[in-house]
Each structure stands twice: as structure tokens, then as C-alpha cells.
Amino acid sequence: MSFSTHLPRIMEIGKNARAKLPMILESLGTSKPLIITDKMMVSLGYIKQIQDLLKAAHIDSDYFDGTIPEPTSSSIEAGVKYIQAQQYDAIIAIGGGSPIDSAKAISILSKHGGDISDYKFPRQVNELGLPIIAIPTTAGTGSECTRFTIITNDKTSEKMLCAGLGFLPIAAIIDYELTISLPPRTTADTGIDALTHAIEAYVSKKASPYSDAQALAAMKLIGPNLQIVYHQPNNERAREKMMLGSTLAGIAFSNASVALVHGMSRPIGAFFHVPHGLSNAMLLPLITEFSIQAAPERYADCAKAIGCAHADDAIEVANQKLIKTLIAINQDLKVPTLAEFGVDKPYFDEVVQTMAEQALASGSPSNNPIVPTLEQMVSLYQQLWSA
């Protein structure tokens, strides 16, 4: 059996890797980049640092900071209008998953037109937009090396999965120094997001030997370091391992897809504005317990890679340790329930059926070891309320 793998053409990894940005632009034959980011990155001084770096190499740049957390179709339209007013030949996406996901959508729409809803799954978007150099500032989404973007439809509250090689950045700069200033909540949410990517890629029905190797390597880096970076934010060694683990997890799920956790997570974010990594964290223990009976060997491998089970533990023992560990991680990282987050219960009950329908339509649940029925998915959402 053969399988396909897809990666950015260029990857620079390590401390101060961002210094290679001018060289990357030159190698791509580009000279007028637009930086796509958010206002936080500007206020923290990261954008000035990047522009100074480019200016020293005689490269002029502008920036668009109108991206928002959990990007929407209207926020994308604003970026498209901005980029079409000038003749930019490359995009530098700087920030967490939201600015990078926004840059991917803006890249395609600015060149090919239409509305982002025209590009949602199951369409495969393989046409190329403006080349993207992705510079993540969180160790979590892996968006710098994936062929996916997630955009919310303003009109329907649907969180649309868009997929295809057109969304894969041409280059990625993986510089862990950019994560050191992250607040604890963001560190936790993005870290659990990365862990979820690795686990779901490994248990996915689309897994391959290549994605398995990346997923296991990611878990070995993330498992021992996730709680360390939360409690010791200046621990550079742990930050470096989390950053590499996040990228490897991104490579894994970009090539194997995600599964039920992500499928159910997107509607939670769309309807209740729960950050993506946090909604993944809420779901991960529950969905793991639901799915584990269908892939016990695979989940046991996850437990051993994360470091919560011994290499000689029986499968059932390893699986029980995995569930207990995922619950304990959520407790340690102060992951709230939906009720604690402040979700309105009557509204939740009103939209839960729609959430389940949107989750199923996204395609991700079909990769899960157990593909739930619509009724089972509604039940899982209801269990999540105070889990």
C-alpha cells in the first residue's frame, strides 16, 4: 500500500530561526511581502522585530493586523480587500493558529476570488494562492505545516473545514523563543491542542507508517513537557520540545487527518466562542474513553509514548492509565467544563442537535476508531456539559 505525504518546501527550526526569513524570501524570488498577524503580535513588538529584520536586508514590508481569534468569513474578506489593494507577492503569517489560518484563506481568495464557503470540505483546494511563510508563536496548532484552515461562517455559525495543498505554507519557521511570552492559559490550550493532534492522527483510520512515526515522536515530546511549560513558562528546554512536538503533530494530522475530538470541537467554538484548544481539551478524555474499545492497541501505544504507562504494561492497564492521565492533565491545567466556562444551558440544549449535525458533516468523525451516530454524538455533547 502506498500513501502520500505533504510538507512545506522549506522548514527552519530552532532558536532564532526567524533570522532566516530574508533568505527564505530571496530564495522564493519574492520582494514585497505582507505580514498577516493580529493586534497582540503588534503590541508585543514582534512585528517591529520582523520588519526591522527585513529592513536590514533591504526588504520593505507592510502588515495587516485585522485577524481575529477563531477567524470568520467577514474577517477574511477584510484581509482580502487589503491585499488586493497592493501588489504583494508573498505573505508572512505570524501568530497562533488564527492568524496563520486567516493567511491561508486570504492567500487563496485574493488570487482566485469567491467566498470562503466555496472552498469548504469536501472540496479539495489544490490551486495555489500567494506563497505563505508561516511563523507560529504558539506550540499548539501545527498550522504552519498543515493543508487545512478553519473559518467560521458568519451567517450560519458553521466552523468550516477547508482542505487541500493550496492551504499548505511554502515555508515554516519554527522558533521556540517566540512562545516564551505566552500566558499560561494560552500555553495550556495550545499544548493540549497539539497533544490531541498527535493522538487523533495515530488512531485515525487514515493513519500511515509515516504519520505514525511523526505522531509518536510528537507525543514523546509533548507528554513530559506540557505541564512543565504551564508551570515554568521560562523553561527554554521544555518550550523547545513543545514547539518541535507541535510541529511534528501538525505534520502527522496533516497527513492522517484528525477525528472525533476535532469534529465535535469546531461547533463548540463556533456557537460559544470557546478557544479551539480549550474545546479540544474539554472533549479529549470523554472521546478517548468512548473510542478506546475500538483501537485498544493504538491507544495503549499513545499512553506509552506520552509516558503515563510503562512499556511492559498490558493494553488494558495502559488504556486506563491514559484516560486517568488525560483527566489529571485537564485538572492540573485548569480546563473548565462548558458550565464553568459560562455557556448558557438553554441555548446549548437548543443548538446541540445542530452542533452534532455540523460535526458529522465536517468529515472528521468518519476517521475515528468508532464513528458515532448522530444520536450518540448528541449524547456525548450532553455528557460534556459538566464532565
# chains A, B, ... in the order shown; residues from 1 in each chain; ligands from 1
$ residues_around --residues "segment 141-149 of chain A" --least-positions-apart "2" --cutoff "7 Å" --atoms "only C-alpha atoms" --output "VMD selection string"
chain A and resid 7 to 8 97 100 to 101 104 134 to 136 139 151 161 to 165 167 to 169 172 190 193 to 194 246 to 247 249 to 251 254
$ residues_around --residues "segment 82-91 of chain A" --least-positions-apart "5" --cutoff "10 Å" --atoms "only C-alpha atoms" --output "PyMOL selection string"
chain A and resi 25+28-36+61-64+66+76-77+100+103-104+106-107+109-111+129-134+169
$ select_by_dssp --residues "segment 222-286 of chain A" --states "helix (DSSP H, G or I)" --output "VMD selection string"
chain A and resid 222 226 to 231 236 to 256 260 to 272 276 to 286
$ write_last_selection --atoms "C-alpha atoms" --output "CSV table (one decimal), in the first residue's frame"
chain,number,residue,atom,x,y,z
A,222,ILE,CA,4.6,16.8,24.4
A,226,LEU,CA,3.1,20.1,28.6
A,227,GLN,CA,2.7,20.7,32.3
A,228,ILE,CA,6.2,22.0,32.7
A,229,VAL,CA,5.7,24.9,30.3
A,230,TYR,CA,2.5,25.7,32.0
A,231,HIS,CA,4.0,25.9,35.5
A,236,GLU,CA,13.5,27.1,27.4
A,237,ARG,CA,14.3,23.4,27.1
A,238,ALA,CA,10.7,22.4,27.7
A,239,ARG,CA,9.5,25.2,25.4
A,240,GLU,CA,11.8,23.9,22.6
A,241,LYS,CA,10.5,20.4,23.0
A,242,MET,CA,6.9,21.5,22.9
A,243,MET,CA,7.5,23.6,19.8
A,244,LEU,CA,9.0,20.7,17.9
A,245,GLY,CA,6.3,18.4,19.2
A,246,SER,CA,3.6,20.7,18.0
A,247,THR,CA,5.1,20.8,14.5
A,248,LEU,CA,5.5,17.0,14.3
A,249,ALA,CA,1.9,16.6,15.5
A,250,GLY,CA,0.9,19.1,12.8
A,251,ILE,CA,2.7,17.0,10.2
A,252,ALA,CA,1.1,13.9,11.5
A,253,PHE,CA,-2.5,15.1,11.3
A,254,SER,CA,-2.0,17.0,8.1
A,255,ASN,CA,-1.2,13.6,6.5
A,256,ALA,CA,-3.6,11.4,8.6
A,260,LEU,CA,-14.0,12.9,16.5
A,261,VAL,CA,-12.5,15.3,19.1
A,262,HIS,CA,-11.9,17.9,16.4
A,263,GLY,CA,-15.2,17.2,14.6
A,264,MET,CA,-17.1,17.9,17.8
A,265,SER,CA,-14.8,20.7,18.9
A,266,ARG,CA,-15.4,23.1,16.0
A,267,PRO,CA,-19.1,23.6,16.7
A,268,ILE,CA,-18.4,24.4,20.3
A,269,GLY,CA,-16.0,27.1,19.2
A,270,ALA,CA,-18.4,28.4,16.6
A,271,PHE,CA,-21.5,28.6,18.9
A,272,PHE,CA,-20.0,29.5,22.2
A,276,HIS,CA,-10.2,25.8,19.8
A,277,GLY,CA,-7.5,24.2,22.0
A,278,LEU,CA,-9.7,24.6,25.1
A,279,SER,CA,-12.7,22.9,23.5
A,280,ASN,CA,-10.4,20.1,22.4
A,281,ALA,CA,-9.2,19.7,26.0
A,282,MET,CA,-12.8,19.6,27.3
A,283,LEU,CA,-13.5,16.7,24.8
A,284,LEU,CA,-10.3,14.7,24.8
A,285,PRO,CA,-10.8,12.5,27.9
A,286,LEU,CA,-14.5,11.8,27.1
$ residues_around --residues "segment 309-325 of chain A" --least-positions-apart "6" --cutoff "7 Å" --atoms "only C-alpha atoms" --output "PyMOL selection string"
chain A and resi 285+288-289+296-297+299-300+303
$ closest_residue --among "A:Phe348, A:Gln382, A:Gly363, A:Gly95" --to "Met41 of chain A" --atoms "only C-alpha atoms"
A:Gly95
$ select_by_dssp --residues "segment 8-156 of chain A" --states "strand (DSSP E or B)" --output "number ranges by chain"
A: 10-13, 33-36, 38, 62-64, 66, 72, 90-95, 124, 132-136, 148-152
$ write_last_selection --atoms "C-alpha atoms" --output "PDB file, in the first residue's frame"
ATOM      1  CA  ILE A  10      11.328  24.943   3.465  1.00  0.00           C
ATOM      2  CA  MET A  11      11.468  24.456   7.241  1.00  0.00           C
ATOM      3  CA  GLU A  12      13.837  26.346   9.545  1.00  0.00           C
ATOM      4  CA  ILE A  13      13.762  25.012  13.104  1.00  0.00           C
ATOM      5  CA  PRO A  33       5.674  40.652   1.456  1.00  0.00           C
ATOM      6  CA  LEU A  34       2.594  41.432   3.511  1.00  0.00           C
ATOM      7  CA  ILE A  35       2.725  40.393   7.150  1.00  0.00           C
ATOM      8  CA  ILE A  36      -0.617  38.974   8.316  1.00  0.00           C
ATOM      9  CA  ASP A  38      -3.143  40.205  14.952  1.00  0.00           C
ATOM     10  CA  ASP A  62       3.531  46.165   5.342  1.00  0.00           C
ATOM     11  CA  TYR A  63       1.324  44.432   7.880  1.00  0.00           C
ATOM     12  CA  PHE A  64      -2.374  43.635   8.239  1.00  0.00           C
ATOM     13  CA  GLY A  66      -7.121  42.643  11.387  1.00  0.00           C
ATOM     14  CA  THR A  72     -14.730  34.375  10.396  1.00  0.00           C
ATOM     15  CA  ALA A  90       4.180  36.833  -0.589  1.00  0.00           C
ATOM     16  CA  ILE A  91       2.507  36.536   2.811  1.00  0.00           C
ATOM     17  CA  ILE A  92       4.332  36.235   6.127  1.00  0.00           C
ATOM     18  CA  ALA A  93       1.864  34.782   8.654  1.00  0.00           C
ATOM     19  CA  ILE A  94       2.878  35.462  12.256  1.00  0.00           C
ATOM     20  CA  GLY A  95       0.981  34.403  15.365  1.00  0.00           C
ATOM     21  CA  GLN A 124     -10.015  19.789  -2.231  1.00  0.00           C
ATOM     22  CA  ILE A 132       2.952  31.784   2.661  1.00  0.00           C
ATOM     23  CA  ILE A 133       5.863  31.781   5.105  1.00  0.00           C
ATOM     24  CA  ALA A 134       4.316  30.721   8.433  1.00  0.00           C
ATOM     25  CA  ILE A 135       5.922  31.718  11.741  1.00  0.00           C
ATOM     26  CA  PRO A 136       3.966  30.253  14.684  1.00  0.00           C
ATOM     27  CA  PHE A 148      -6.075  22.789   6.419  1.00  0.00           C
ATOM     28  CA  THR A 149      -7.691  26.001   7.570  1.00  0.00           C
ATOM     29  CA  ILE A 150     -10.780  26.525   9.771  1.00  0.00           C
ATOM     30  CA  ILE A 151     -13.023  29.533   9.157  1.00  0.00           C
ATOM     31  CA  THR A 152     -16.416  30.270  10.773  1.00  0.00           C
TER      32      THR A 152
END
$ residues_around --residues "Asn368 of chain A" --least-positions-apart "3" --cutoff "10 Å" --atoms "only C-alpha atoms" --output "VMD selection string"
chain A and resid 200 to 201 203 to 206 257 to 261 263 287 291 294 to 295 363 to 365 371 to 372
$ residues_around --residues "Val343 of chain A" --least-positions-apart "2" --cutoff "12 Å" --atoms "only C-alpha atoms" --output "ChimeraX atom specification"
/A:268-269,271-274,336-341,345-349,351,384-386
$ write_last_selection --atoms "N, CA and C atoms" --output "tab-separated table (two decimals), in the first residue's frame"
chain	number	residue	atom	x	y	z
A	268	ILE	N	-18.44	23.73	19.03
A	268	ILE	CA	-18.36	24.36	20.35
A	268	ILE	C	-17.73	25.74	20.23
A	269	GLY	N	-16.67	25.82	19.43
A	269	GLY	CA	-16.03	27.11	19.21
A	269	GLY	C	-16.92	28.07	18.46
A	271	PHE	N	-20.31	28.16	18.17
A	271	PHE	CA	-21.52	28.61	18.86
A	271	PHE	C	-21.25	29.35	20.17
A	272	PHE	N	-20.17	28.97	20.86
A	272	PHE	CA	-19.95	29.51	22.20
A	272	PHE	C	-18.62	30.23	22.37
A	273	HIS	N	-17.88	30.39	21.27
A	273	HIS	CA	-16.62	31.15	21.28
A	273	HIS	C	-15.62	30.60	22.29
A	274	VAL	N	-15.61	29.29	22.42
A	274	VAL	CA	-14.60	28.63	23.23
A	274	VAL	C	-13.35	28.48	22.37
A	336	PRO	N	-11.83	24.22	32.16
A	336	PRO	CA	-13.18	24.28	32.71
A	336	PRO	C	-14.14	23.35	31.97
A	337	THR	N	-15.26	23.06	32.59
A	337	THR	CA	-16.36	22.42	31.87
A	337	THR	C	-17.08	23.51	31.08
A	338	LEU	N	-18.00	23.09	30.20
A	338	LEU	CA	-18.81	24.08	29.49
A	338	LEU	C	-19.60	24.95	30.46
A	339	ALA	N	-20.12	24.32	31.52
A	339	ALA	CA	-20.87	25.07	32.53
A	339	ALA	C	-19.98	26.10	33.20
A	340	GLU	N	-18.76	25.69	33.57
A	340	GLU	CA	-17.83	26.61	34.23
A	340	GLU	C	-17.35	27.71	33.29
A	341	PHE	N	-17.30	27.41	32.00
A	341	PHE	CA	-16.89	28.42	31.01
A	341	PHE	C	-17.94	29.51	30.86
A	345	LYS	N	-27.06	27.21	29.32
A	345	LYS	CA	-27.60	25.85	29.18
A	345	LYS	C	-28.83	25.80	28.25
A	346	PRO	N	-29.80	26.69	28.37
A	346	PRO	CA	-30.94	26.61	27.44
A	346	PRO	C	-30.52	26.76	25.98
A	347	TYR	N	-29.57	27.65	25.72
A	347	TYR	CA	-29.09	27.80	24.34
A	347	TYR	C	-28.33	26.56	23.89
A	348	PHE	N	-27.54	25.99	24.79
A	348	PHE	CA	-26.82	24.76	24.48
A	348	PHE	C	-27.81	23.66	24.09
A	349	ASP	N	-28.86	23.49	24.87
A	349	ASP	CA	-29.87	22.46	24.56
A	349	ASP	C	-30.56	22.74	23.23
A	351	VAL	N	-29.24	24.20	20.54
A	351	VAL	CA	-28.40	24.03	19.34
A	351	VAL	C	-27.63	22.72	19.30
A	384	LEU	N	-20.76	16.09	28.12
A	384	LEU	CA	-19.67	17.06	28.27
A	384	LEU	C	-20.06	18.23	29.14
A	385	TRP	N	-21.36	18.48	29.29
A	385	TRP	CA	-21.82	19.70	29.95
A	385	TRP	C	-21.13	19.94	31.30
A	386	SER	N	-21.11	18.92	32.12
A	386	SER	CA	-20.49	19.11	33.44
A	386	SER	C	-19.41	18.07	33.70
$ closest_residue --among "A:Thr137, A:Ser157, A:Cys308, A:Ala188" --to "Gly223 of chain A" --atoms "only C-alpha atoms"
A:Cys308
$ atom_distance --atom1 "atom CA of Met355 of chain A" --atom2 "atom CA of Lys120 of chain A"
17.0 Å
$ closest_residue --among "A:Ser208, A:Ser379, A:Asn235, A:Ser27" --to "Ser181 of chain A" --atoms "only C-alpha atoms"
A:Asn235
$ closest_residue --among "A:Arg18, A:Arg298, A:Lys55, A:His112" --to "Tyr202 of chain A" --atoms "only C-alpha atoms"
A:Arg298
$ residues_around --residues "Gln353 of chain A" --least-positions-apart "4" --cutoff "9 Å" --atoms "only C-alpha atoms" --output "count of residues only"
7
